[in-house]
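Undergrad: The structure's right below; bear with me while I get my questions together.
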Amino acid sequence: MRASRLISLLLLLQARGSMTAGELARELEVSERTVYRDVLALSAAGVPVYADRGRAGGYRLLGGYRTRLTGLTRDEAEALFLAGLPGPAGEMGLADAVAAAELKVLAALPPALRDAPARAGQRFHLDVPGWFREAGPPPWLTELARAVWRDREVELRYRRGDREVTRRVRPYGLVLKSAIWYLVARVGDDVRTYRVDRVTGVEVTEDSFDRDEGFDLAGHWREQAASFLRTMLRAEVAVRLSPAGVRQLRHLVDAPFVYDEVVTAAEGPDGQGWVVARLPVESVGVAYHQLLGLGPEVEVLDPPELRELFVEAADRLAALYR
């Protein structure tokens, strides 16, 4: 445990240059007294850790000291070569950089761990694109990725319906979701999302922008995705579900929060174990196709037009199998 913490302390100083005892304690989730003891242990082991005195002081490594990756375990080394997806990196124009970085990491590993990339490659392959989508990246993805890295404003031409619009945007990040690339960008004070395969032109300007360092791309995307799914669910149906129907419903709804909310708000169970629930859906037609997969484990109560569709489907099935 302590050996792992010492390595983490060393790598923090190597990555950030200088850190106070308080900052190190927060990062390592230990007391400042423990940090003092760990620094002494590193010094005794020959690591040149230097303490700057004063209010602006802290710990740093002398003379550009760098450590080799001898502290990696086998599990960590093998996981490292799974951390970057070569497909998406290549689509953003980073294939050469990823390959070069892997070579440098490989050269720094001790001999006993140099089979890590081969072992990981033999056991795991991540095929990101969907089954029925073209594997090629959107035509403007590489240019957008460069603008994101360099914090450069972009003149973006974008296909919206049957017309093309132009926007000057500050590209904050790229997101790959279900084999589709999205650009998250600021336009004025708003944060907007654009599908990259609908971009018809990109002009990267010489104007840089100051990134909001507090912006959380992953958190923003989670909120936007949940909000988007909720806006799609414009209708509601009332259903009666058997215990098996409740279990199978999880695999039929597109949004995970729908299942959780339905189960939480369900009324029942009755004497047969069935529950009554209200289910948010995109439309009556979509609900028909989704709920039909539950067969006799669901009874539609409302709206009447959806119940009639199920009555008709039941009659046709009975006639077909009679």
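Here's how to read the names in the structure tokens: chain A, B, ... by the order shown, residue numbers from 1 in each chain, ligand numbers from 1 in the order shown.
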Among range 53-291 of chain A, which residues does DSSP mark as helix (DSSP H, G or I) when it is run on the backbone? Keep the chain and numbering as in the structure and answer as a compact mmCIF listing (two decimals) with N, CA, C and O atoms, in the first residue's frame.
TA:
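File states-v5.txt, as written:
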# COMPACT_ATOMS: atom_id res chain seq x y z
N LEU A 62 14.27 17.80 -8.37
CA LEU A 62 15.42 18.56 -8.86
C LEU A 62 15.86 18.08 -10.24
O LEU A 62 15.76 16.91 -10.58
N GLY A 63 16.37 19.05 -11.02
CA GLY A 63 17.08 18.73 -12.24
C GLY A 63 16.30 17.97 -13.29
O GLY A 63 16.86 17.19 -14.05
N GLY A 64 14.98 18.20 -13.36
CA GLY A 64 14.20 17.50 -14.36
C GLY A 64 14.18 16.00 -14.19
O GLY A 64 14.09 15.25 -15.16
N ARG A 74 1.61 -5.81 -13.60
CA ARG A 74 1.23 -6.40 -14.88
C ARG A 74 -0.19 -5.97 -15.27
O ARG A 74 -0.43 -5.63 -16.43
N ASP A 75 -1.12 -5.98 -14.33
CA ASP A 75 -2.49 -5.58 -14.64
C ASP A 75 -2.54 -4.14 -15.14
O ASP A 75 -3.26 -3.81 -16.10
N GLU A 76 -1.76 -3.24 -14.49
CA GLU A 76 -1.75 -1.84 -14.90
C GLU A 76 -1.14 -1.68 -16.29
O GLU A 76 -1.63 -0.90 -17.12
N ALA A 77 -0.07 -2.40 -16.56
CA ALA A 77 0.59 -2.28 -17.86
C ALA A 77 -0.32 -2.77 -18.98
O ALA A 77 -0.42 -2.15 -20.05
N GLU A 78 -1.02 -3.89 -18.76
CA GLU A 78 -1.91 -4.42 -19.80
C GLU A 78 -3.12 -3.51 -19.99
O GLU A 78 -3.58 -3.30 -21.11
N ALA A 79 -3.64 -2.95 -18.88
CA ALA A 79 -4.77 -2.03 -19.00
C ALA A 79 -4.38 -0.77 -19.75
O ALA A 79 -5.20 -0.18 -20.46
N LEU A 80 -3.12 -0.35 -19.61
CA LEU A 80 -2.66 0.86 -20.27
C LEU A 80 -2.81 0.75 -21.78
O LEU A 80 -3.18 1.72 -22.46
N PHE A 81 -2.56 -0.42 -22.35
CA PHE A 81 -2.66 -0.58 -23.80
C PHE A 81 -4.09 -0.80 -24.27
O PHE A 81 -4.34 -0.90 -25.46
N LEU A 82 -5.04 -0.87 -23.34
CA LEU A 82 -6.46 -0.90 -23.70
C LEU A 82 -7.10 0.46 -23.50
O LEU A 82 -8.23 0.68 -23.91
N ALA A 83 -6.38 1.40 -22.85
CA ALA A 83 -6.99 2.66 -22.47
C ALA A 83 -7.33 3.53 -23.67
O ALA A 83 -8.32 4.26 -23.68
N PRO A 86 -7.69 2.66 -30.70
CA PRO A 86 -6.96 3.04 -31.91
C PRO A 86 -7.88 3.53 -33.02
O PRO A 86 -7.52 4.41 -33.79
N GLY A 87 -9.11 2.99 -33.11
CA GLY A 87 -10.03 3.42 -34.16
C GLY A 87 -10.40 4.88 -34.04
O GLY A 87 -10.12 5.68 -34.95
N PRO A 88 -11.02 5.32 -32.93
CA PRO A 88 -11.35 6.73 -32.76
C PRO A 88 -10.15 7.65 -32.82
O PRO A 88 -10.22 8.74 -33.38
N ALA A 89 -9.01 7.23 -32.24
CA ALA A 89 -7.82 8.07 -32.30
C ALA A 89 -7.38 8.27 -33.74
O ALA A 89 -7.00 9.38 -34.14
N GLY A 90 -7.43 7.20 -34.54
CA GLY A 90 -7.06 7.32 -35.95
C GLY A 90 -8.01 8.23 -36.71
O GLY A 90 -7.61 9.01 -37.57
N GLU A 91 -9.32 8.16 -36.40
CA GLU A 91 -10.29 9.00 -37.08
C GLU A 91 -10.04 10.48 -36.80
O GLU A 91 -10.35 11.34 -37.62
N ALA A 95 -3.43 8.73 -35.08
CA ALA A 95 -2.91 7.36 -35.12
C ALA A 95 -1.39 7.33 -34.94
O ALA A 95 -0.86 6.52 -34.17
N ASP A 96 -0.67 8.23 -35.61
CA ASP A 96 0.80 8.25 -35.49
C ASP A 96 1.23 8.63 -34.08
O ASP A 96 2.19 8.07 -33.53
N ALA A 97 0.52 9.61 -33.49
CA ALA A 97 0.88 10.03 -32.13
C ALA A 97 0.63 8.91 -31.13
O ALA A 97 1.44 8.70 -30.22
N VAL A 98 -0.47 8.18 -31.29
CA VAL A 98 -0.76 7.07 -30.38
C VAL A 98 0.29 5.98 -30.52
O VAL A 98 0.79 5.43 -29.53
N ALA A 99 0.67 5.66 -31.77
CA ALA A 99 1.67 4.63 -32.00
C ALA A 99 3.01 5.02 -31.39
O ALA A 99 3.70 4.21 -30.77
N ALA A 100 3.39 6.30 -31.56
CA ALA A 100 4.66 6.77 -31.00
C ALA A 100 4.64 6.72 -29.48
O ALA A 100 5.62 6.33 -28.84
N ALA A 101 3.51 7.13 -28.88
CA ALA A 101 3.40 7.10 -27.42
C ALA A 101 3.48 5.68 -26.89
O ALA A 101 4.14 5.42 -25.87
N GLU A 102 2.85 4.74 -27.58
CA GLU A 102 2.90 3.35 -27.14
C GLU A 102 4.32 2.80 -27.21
O GLU A 102 4.75 2.05 -26.33
N LEU A 103 5.06 3.20 -28.26
CA LEU A 103 6.45 2.75 -28.37
C LEU A 103 7.29 3.28 -27.21
O LEU A 103 8.13 2.58 -26.65
N LYS A 104 7.06 4.55 -26.83
CA LYS A 104 7.83 5.14 -25.74
C LYS A 104 7.49 4.48 -24.41
O LYS A 104 8.37 4.22 -23.58
N VAL A 105 6.19 4.22 -24.20
CA VAL A 105 5.80 3.53 -22.96
C VAL A 105 6.40 2.13 -22.93
O VAL A 105 6.90 1.67 -21.91
N LEU A 106 6.35 1.45 -24.08
CA LEU A 106 6.90 0.10 -24.16
C LEU A 106 8.39 0.09 -23.84
O LEU A 106 8.89 -0.79 -23.14
N ALA A 107 9.11 1.10 -24.34
CA ALA A 107 10.55 1.17 -24.10
C ALA A 107 10.86 1.42 -22.63
O ALA A 107 11.90 1.02 -22.12
N ALA A 108 9.93 2.09 -21.92
CA ALA A 108 10.16 2.41 -20.51
C ALA A 108 9.78 1.27 -19.58
O ALA A 108 10.15 1.29 -18.41
N PRO A 111 11.68 -5.33 -18.65
CA PRO A 111 11.58 -6.47 -19.59
C PRO A 111 10.45 -7.44 -19.26
O PRO A 111 9.82 -7.98 -20.17
N ALA A 112 10.16 -7.66 -17.99
CA ALA A 112 9.15 -8.65 -17.62
C ALA A 112 7.75 -8.25 -18.05
O ALA A 112 6.85 -9.10 -18.11
N LEU A 113 7.55 -6.96 -18.39
CA LEU A 113 6.21 -6.49 -18.74
C LEU A 113 6.08 -6.12 -20.22
O LEU A 113 5.04 -5.62 -20.63
N ALA A 116 3.08 -6.97 -22.51
CA ALA A 116 1.74 -6.47 -22.15
C ALA A 116 0.89 -6.12 -23.37
O ALA A 116 -0.28 -6.52 -23.44
N PRO A 117 1.40 -5.36 -24.38
CA PRO A 117 0.54 -5.03 -25.52
C PRO A 117 0.12 -6.26 -26.31
O PRO A 117 -1.01 -6.34 -26.80
N ALA A 118 1.02 -7.24 -26.46
CA ALA A 118 0.66 -8.45 -27.20
C ALA A 118 -0.41 -9.23 -26.46
O ALA A 118 -1.38 -9.72 -27.07
N ARG A 119 -0.28 -9.37 -25.14
CA ARG A 119 -1.29 -10.09 -24.35
C ARG A 119 -2.64 -9.40 -24.42
O ARG A 119 -3.67 -10.05 -24.57
N ALA A 120 -2.64 -8.06 -24.32
CA ALA A 120 -3.91 -7.33 -24.38
C ALA A 120 -4.54 -7.46 -25.77
O ALA A 120 -5.75 -7.67 -25.90
N GLY A 121 -3.71 -7.37 -26.82
CA GLY A 121 -4.23 -7.47 -28.18
C GLY A 121 -4.78 -8.85 -28.51
O GLY A 121 -5.71 -8.99 -29.31
N GLN A 122 -4.20 -9.89 -27.93
CA GLN A 122 -4.69 -11.25 -28.16
C GLN A 122 -6.03 -11.50 -27.49
O GLN A 122 -6.79 -12.36 -27.93
N ARG A 123 -6.32 -10.75 -26.45
CA ARG A 123 -7.49 -11.05 -25.62
C ARG A 123 -8.66 -10.09 -25.81
O ARG A 123 -9.79 -10.43 -25.51
N LEU A 141 -13.80 15.63 -39.48
CA LEU A 141 -13.47 15.29 -38.10
C LEU A 141 -12.04 15.68 -37.74
O LEU A 141 -11.79 16.23 -36.65
N THR A 142 -11.08 15.42 -38.61
CA THR A 142 -9.68 15.72 -38.30
C THR A 142 -9.46 17.21 -38.07
O THR A 142 -8.78 17.61 -37.12
N GLU A 143 -10.07 18.05 -38.93
CA GLU A 143 -9.92 19.49 -38.76
C GLU A 143 -10.53 19.97 -37.45
O GLU A 143 -9.97 20.83 -36.76
N LEU A 144 -11.69 19.41 -37.11
CA LEU A 144 -12.33 19.79 -35.85
C LEU A 144 -11.49 19.35 -34.65
O LEU A 144 -11.39 20.07 -33.66
N ALA A 145 -10.90 18.16 -34.74
CA ALA A 145 -10.06 17.68 -33.64
C ALA A 145 -8.85 18.60 -33.45
O ALA A 145 -8.48 18.92 -32.30
N ARG A 146 -8.25 19.07 -34.53
CA ARG A 146 -7.12 19.99 -34.41
C ARG A 146 -7.55 21.29 -33.75
O ARG A 146 -6.83 21.85 -32.92
N ALA A 147 -8.73 21.80 -34.13
CA ALA A 147 -9.23 23.03 -33.53
C ALA A 147 -9.51 22.85 -32.05
O ALA A 147 -9.25 23.75 -31.23
N VAL A 148 -10.02 21.68 -31.67
CA VAL A 148 -10.28 21.39 -30.26
C VAL A 148 -8.97 21.39 -29.47
O VAL A 148 -8.88 21.97 -28.39
N TRP A 149 -7.94 20.73 -30.01
CA TRP A 149 -6.66 20.67 -29.32
C TRP A 149 -6.05 22.06 -29.15
O TRP A 149 -5.44 22.36 -28.13
N ARG A 150 -6.19 22.91 -30.18
CA ARG A 150 -5.49 24.20 -30.19
C ARG A 150 -6.34 25.34 -29.65
O ARG A 150 -5.88 26.49 -29.62
N VAL A 196 -21.21 15.65 -36.33
CA VAL A 196 -20.10 15.95 -37.23
C VAL A 196 -20.39 15.49 -38.65
O VAL A 196 -19.93 16.11 -39.62
N ASP A 197 -21.18 14.42 -38.82
CA ASP A 197 -21.46 13.97 -40.18
C ASP A 197 -22.42 14.90 -40.92
O ASP A 197 -22.68 14.72 -42.11
N ARG A 198 -22.96 15.93 -40.23
CA ARG A 198 -23.80 16.93 -40.89
C ARG A 198 -23.05 18.22 -41.15
O ARG A 198 -23.62 19.18 -41.67
N LEU A 217 -16.81 18.19 -19.76
CA LEU A 217 -17.36 17.65 -21.00
C LEU A 217 -18.19 16.40 -20.74
O LEU A 217 -19.31 16.27 -21.25
N ALA A 218 -17.66 15.47 -19.95
CA ALA A 218 -18.39 14.23 -19.69
C ALA A 218 -19.69 14.50 -18.94
O ALA A 218 -20.74 13.94 -19.26
N GLY A 219 -19.63 15.38 -17.92
CA GLY A 219 -20.84 15.72 -17.17
C GLY A 219 -21.87 16.42 -18.04
O GLY A 219 -23.07 16.13 -17.94
N HIS A 220 -21.41 17.36 -18.88
CA HIS A 220 -22.32 18.06 -19.78
C HIS A 220 -23.00 17.08 -20.73
O HIS A 220 -24.22 17.17 -20.97
N TRP A 221 -22.23 16.13 -21.25
CA TRP A 221 -22.80 15.18 -22.19
C TRP A 221 -23.86 14.30 -21.52
O TRP A 221 -24.91 14.03 -22.09
N ARG A 222 -23.59 13.85 -20.29
CA ARG A 222 -24.57 13.04 -19.58
C ARG A 222 -25.88 13.80 -19.39
O ARG A 222 -26.97 13.25 -19.61
N GLU A 223 -25.78 15.07 -19.01
CA GLU A 223 -26.99 15.87 -18.81
C GLU A 223 -27.73 16.08 -20.12
O GLU A 223 -28.97 15.98 -20.16
N GLN A 224 -27.01 16.38 -21.18
CA GLN A 224 -27.64 16.63 -22.48
C GLN A 224 -28.30 15.37 -23.02
O GLN A 224 -29.39 15.42 -23.58
N ALA A 225 -27.62 14.22 -22.85
CA ALA A 225 -28.18 12.97 -23.35
C ALA A 225 -29.48 12.62 -22.62
O ALA A 225 -30.47 12.23 -23.24
N ALA A 226 -29.48 12.79 -21.29
CA ALA A 226 -30.69 12.51 -20.52
C ALA A 226 -31.81 13.47 -20.89
O ALA A 226 -32.97 13.08 -21.05
N SER A 227 -31.46 14.76 -21.07
CA SER A 227 -32.47 15.75 -21.45
C SER A 227 -33.03 15.46 -22.83
O SER A 227 -34.24 15.57 -23.07
N PHE A 228 -32.17 15.05 -23.77
CA PHE A 228 -32.62 14.72 -25.12
C PHE A 228 -33.60 13.55 -25.11
O PHE A 228 -34.64 13.57 -25.77
N LEU A 229 -33.27 12.52 -24.33
CA LEU A 229 -34.15 11.36 -24.26
C LEU A 229 -35.51 11.74 -23.66
O LEU A 229 -36.55 11.25 -24.11
N ARG A 230 -35.49 12.61 -22.67
CA ARG A 230 -36.76 13.01 -22.05
C ARG A 230 -37.63 13.80 -23.01
O ARG A 230 -38.85 13.67 -23.01
N THR A 231 -37.01 14.64 -23.84
CA THR A 231 -37.81 15.43 -24.79
C THR A 231 -38.45 14.53 -25.85
O THR A 231 -39.47 14.91 -26.44
N MET A 232 -37.86 13.37 -26.10
CA MET A 232 -38.43 12.45 -27.09
C MET A 232 -39.67 11.74 -26.54
O MET A 232 -40.53 11.31 -27.32
N PRO A 243 -44.81 -10.07 -13.16
CA PRO A 243 -43.42 -10.03 -12.66
C PRO A 243 -42.41 -10.24 -13.78
O PRO A 243 -41.37 -9.57 -13.83
N ALA A 244 -42.70 -11.16 -14.70
CA ALA A 244 -41.79 -11.39 -15.83
C ALA A 244 -41.76 -10.17 -16.74
O ALA A 244 -40.72 -9.81 -17.29
N GLY A 245 -42.93 -9.52 -16.90
CA GLY A 245 -42.99 -8.33 -17.74
C GLY A 245 -42.16 -7.19 -17.18
O GLY A 245 -41.52 -6.46 -17.94
N VAL A 246 -42.16 -7.05 -15.85
CA VAL A 246 -41.34 -6.01 -15.22
C VAL A 246 -39.87 -6.27 -15.49
O VAL A 246 -39.10 -5.36 -15.82
N ARG A 247 -39.45 -7.53 -15.37
CA ARG A 247 -38.04 -7.85 -15.62
C ARG A 247 -37.66 -7.61 -17.07
O ARG A 247 -36.58 -7.09 -17.37
N GLN A 248 -38.55 -7.98 -18.01
CA GLN A 248 -38.23 -7.85 -19.43
C GLN A 248 -38.31 -6.41 -19.91
O GLN A 248 -37.69 -6.06 -20.93
N LEU A 249 -39.05 -5.56 -19.18
CA LEU A 249 -39.21 -4.17 -19.61
C LEU A 249 -37.86 -3.47 -19.67
O LEU A 249 -37.64 -2.59 -20.51
N PRO A 256 -32.36 4.22 -19.60
CA PRO A 256 -32.34 3.49 -18.33
C PRO A 256 -33.18 4.14 -17.25
O PRO A 256 -33.79 3.45 -16.43
N PHE A 257 -33.24 5.50 -17.23
CA PHE A 257 -33.99 6.16 -16.16
C PHE A 257 -35.48 5.87 -16.27
O PHE A 257 -36.19 5.94 -15.27
N VAL A 258 -35.97 5.54 -17.47
CA VAL A 258 -37.39 5.24 -17.64
C VAL A 258 -37.75 4.00 -16.83
O VAL A 258 -38.75 3.99 -16.08
N TYR A 259 -36.96 2.97 -16.95
CA TYR A 259 -37.24 1.73 -16.21
C TYR A 259 -37.24 1.99 -14.70
O TYR A 259 -38.14 1.56 -13.98
N ASP A 260 -36.22 2.72 -14.22
CA ASP A 260 -36.13 2.98 -12.78
C ASP A 260 -37.33 3.76 -12.28
O ASP A 260 -37.89 3.45 -11.22
N GLU A 261 -37.75 4.78 -13.04
CA GLU A 261 -38.88 5.59 -12.62
C GLU A 261 -40.19 4.81 -12.67
O GLU A 261 -41.04 4.96 -11.79
N VAL A 262 -40.36 3.98 -13.69
CA VAL A 262 -41.58 3.20 -13.82
C VAL A 262 -41.71 2.22 -12.66
O VAL A 262 -42.77 2.09 -12.04
N VAL A 263 -40.63 1.51 -12.36
CA VAL A 263 -40.67 0.52 -11.28
C VAL A 263 -40.92 1.20 -9.93
O VAL A 263 -41.68 0.71 -9.10
N THR A 264 -40.30 2.37 -9.73
CA THR A 264 -40.46 3.08 -8.46
C THR A 264 -41.90 3.55 -8.26
O THR A 264 -42.45 3.47 -7.15
N ALA A 265 -42.54 4.03 -9.33
CA ALA A 265 -43.88 4.61 -9.23
C ALA A 265 -44.99 3.58 -9.46
O ALA A 265 -46.17 3.94 -9.40
N VAL A 284 -47.58 6.55 -29.60
CA VAL A 284 -48.38 5.34 -29.48
C VAL A 284 -47.84 4.25 -30.40
O VAL A 284 -47.76 3.08 -30.02
N GLY A 285 -47.41 4.64 -31.60
CA GLY A 285 -46.87 3.66 -32.54
C GLY A 285 -45.61 2.99 -32.03
O GLY A 285 -45.45 1.78 -32.13
N VAL A 286 -44.70 3.80 -31.46
CA VAL A 286 -43.47 3.24 -30.91
C VAL A 286 -43.78 2.35 -29.72
O VAL A 286 -43.21 1.26 -29.56
N ALA A 287 -44.73 2.78 -28.87
CA ALA A 287 -45.11 1.97 -27.71
C ALA A 287 -45.68 0.63 -28.14
O ALA A 287 -45.42 -0.41 -27.51
N TYR A 288 -46.44 0.63 -29.21
CA TYR A 288 -47.03 -0.63 -29.71
C TYR A 288 -45.92 -1.63 -30.06
O TYR A 288 -45.96 -2.79 -29.65
N HIS A 289 -44.92 -1.17 -30.81
CA HIS A 289 -43.85 -2.08 -31.22
C HIS A 289 -42.98 -2.50 -30.04
O HIS A 289 -42.50 -3.65 -30.01
N GLN A 290 -42.77 -1.62 -29.08
CA GLN A 290 -41.95 -1.98 -27.92
C GLN A 290 -42.68 -2.97 -27.02
O GLN A 290 -42.13 -4.02 -26.65
N LEU A 291 -43.92 -2.66 -26.67
CA LEU A 291 -44.66 -3.49 -25.71
C LEU A 291 -45.10 -4.80 -26.31
O LEU A 291 -45.32 -5.78 -25.58
Undergrad: Would you mind writing down, as a VMD selection string, each residue of range 92-277 of chain A that DSSP on the backbone assigns to strand (DSSP E or B)?
TA: chain A and resid 152 to 160 163 to 177 180 to 187 190 to 195 199 to 208 235 to 241 267 275 to 277
Undergrad: Write the residues of the selection above to a file with C-alpha atoms, as a PDB file, in the first residue's frame.
TA:
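Okay, again27.pdb is ready:
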ATOM      1  CA  ARG A 152      -9.100  27.834 -32.104  1.00  0.00           C
ATOM      2  CA  GLU A 153     -12.415  29.353 -33.161  1.00  0.00           C
ATOM      3  CA  VAL A 154     -14.056  27.743 -36.184  1.00  0.00           C
ATOM      4  CA  GLU A 155     -16.359  28.914 -38.971  1.00  0.00           C
ATOM      5  CA  LEU A 156     -18.730  25.958 -39.164  1.00  0.00           C
ATOM      6  CA  ARG A 157     -21.084  25.207 -42.045  1.00  0.00           C
ATOM      7  CA  TYR A 158     -23.795  22.813 -40.950  1.00  0.00           C
ATOM      8  CA  ARG A 159     -26.696  21.036 -42.648  1.00  0.00           C
ATOM      9  CA  ARG A 160     -29.964  21.661 -40.803  1.00  0.00           C
ATOM     10  CA  ARG A 163     -30.828  24.271 -45.564  1.00  0.00           C
ATOM     11  CA  GLU A 164     -27.253  25.081 -44.620  1.00  0.00           C
ATOM     12  CA  VAL A 165     -26.337  27.432 -41.775  1.00  0.00           C
ATOM     13  CA  THR A 166     -23.033  29.024 -40.774  1.00  0.00           C
ATOM     14  CA  ARG A 167     -21.914  29.485 -37.201  1.00  0.00           C
ATOM     15  CA  ARG A 168     -18.728  30.777 -35.607  1.00  0.00           C
ATOM     16  CA  VAL A 169     -18.104  28.418 -32.714  1.00  0.00           C
ATOM     17  CA  ARG A 170     -15.574  27.727 -29.973  1.00  0.00           C
ATOM     18  CA  PRO A 171     -15.036  23.954 -30.139  1.00  0.00           C
ATOM     19  CA  TYR A 172     -14.835  22.553 -26.612  1.00  0.00           C
ATOM     20  CA  GLY A 173     -14.777  18.823 -27.290  1.00  0.00           C
ATOM     21  CA  LEU A 174     -15.684  15.809 -29.404  1.00  0.00           C
ATOM     22  CA  VAL A 175     -17.867  12.923 -28.237  1.00  0.00           C
ATOM     23  CA  LEU A 176     -18.213   9.492 -29.849  1.00  0.00           C
ATOM     24  CA  LYS A 177     -21.620   7.964 -29.100  1.00  0.00           C
ATOM     25  CA  ILE A 180     -21.570   8.826 -34.276  1.00  0.00           C
ATOM     26  CA  TRP A 181     -19.251  11.786 -33.614  1.00  0.00           C
ATOM     27  CA  TYR A 182     -20.626  14.949 -31.998  1.00  0.00           C
ATOM     28  CA  LEU A 183     -19.012  18.359 -31.580  1.00  0.00           C
ATOM     29  CA  VAL A 184     -19.723  20.229 -28.339  1.00  0.00           C
ATOM     30  CA  ALA A 185     -19.098  23.942 -28.862  1.00  0.00           C
ATOM     31  CA  ARG A 186     -19.884  27.351 -27.403  1.00  0.00           C
ATOM     32  CA  VAL A 187     -21.852  29.803 -29.541  1.00  0.00           C
ATOM     33  CA  ASP A 190     -24.729  28.851 -25.188  1.00  0.00           C
ATOM     34  CA  VAL A 191     -23.233  25.366 -25.363  1.00  0.00           C
ATOM     35  CA  ARG A 192     -24.548  23.513 -28.410  1.00  0.00           C
ATOM     36  CA  THR A 193     -24.093  20.065 -29.917  1.00  0.00           C
ATOM     37  CA  TYR A 194     -23.544  19.330 -33.628  1.00  0.00           C
ATOM     38  CA  ARG A 195     -23.429  15.997 -35.422  1.00  0.00           C
ATOM     39  CA  VAL A 199     -20.939  19.419 -41.043  1.00  0.00           C
ATOM     40  CA  THR A 200     -20.407  20.545 -44.640  1.00  0.00           C
ATOM     41  CA  GLY A 201     -17.428  22.821 -44.142  1.00  0.00           C
ATOM     42  CA  VAL A 202     -14.849  23.875 -41.543  1.00  0.00           C
ATOM     43  CA  GLU A 203     -12.544  26.881 -41.542  1.00  0.00           C
ATOM     44  CA  VAL A 204     -10.192  26.946 -38.581  1.00  0.00           C
ATOM     45  CA  THR A 205      -9.438  30.588 -37.797  1.00  0.00           C
ATOM     46  CA  GLU A 206      -6.305  32.115 -36.265  1.00  0.00           C
ATOM     47  CA  ASP A 207      -8.376  33.380 -33.327  1.00  0.00           C
ATOM     48  CA  SER A 208      -7.837  31.442 -30.131  1.00  0.00           C
ATOM     49  CA  ALA A 235     -46.668  10.504 -24.725  1.00  0.00           C
ATOM     50  CA  GLU A 236     -47.622   8.218 -21.853  1.00  0.00           C
ATOM     51  CA  VAL A 237     -49.360   4.846 -21.650  1.00  0.00           C
ATOM     52  CA  ALA A 238     -50.810   2.918 -18.718  1.00  0.00           C
ATOM     53  CA  VAL A 239     -49.958  -0.762 -18.540  1.00  0.00           C
ATOM     54  CA  ARG A 240     -50.363  -3.745 -16.255  1.00  0.00           C
ATOM     55  CA  LEU A 241     -47.226  -5.881 -15.987  1.00  0.00           C
ATOM     56  CA  GLU A 267     -48.882   0.487  -8.127  1.00  0.00           C
ATOM     57  CA  VAL A 275     -48.308  -4.067 -11.100  1.00  0.00           C
ATOM     58  CA  VAL A 276     -49.894  -1.054 -12.784  1.00  0.00           C
ATOM     59  CA  ALA A 277     -47.501   1.561 -14.158  1.00  0.00           C
TER      60      ALA A 277
END
Undergrad: So how far away is CA of Gly17 in chain A from CA of Arg60 in chain A, in Å?
TA: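 Calculated distance between CA of Arg60 in chain A and CA of Gly17 in chain A is 5.8 Å.
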Undergrad: What lies within 12 Å of range 43-46 of chain A using only C-alpha atoms, ignoring chain neighbours under 4 positions off, as a PyMOL selection string?
TA: chain A and resi 3+6-7+10+36-39+50-51+59-62+65+67
Undergrad: List the neighbours of range 31-34 of chain A out to 12 Å using only C-alpha atoms; skip same-chain residues closer than 3 positions along the sequence, and give me the result as an MDAnalysis selection string.
TA: chainID A and resid 2 5:6 9 20:28 37:41
Undergrad: Just how far from CA of Ser242 in chain A is CA of Glu297 in chain A, in Å to one decimal?
TA: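 According to the coordinates, CA of Glu297 in chain A and CA of Ser242 in chain A are separated by 5.2 Å.
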Undergrad: Quick check, in Å to one decimal: how far apart do CA of Asp52 in chain A and CA of Glu29 in chain A lie?
TA: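 CA of Glu29 in chain A lies 22.2 Å from CA of Asp52 in chain A.
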Undergrad: Would you please work out which residue, of A:Arg278, A:Ser4, A:Arg322, A:Asp216, is nearest to Asp302 in chain A when using only C-alpha atoms?
TA: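 Once distances to Asp302 in chain A are computed over only C-alpha atoms, the minimum belongs to A:Arg278.
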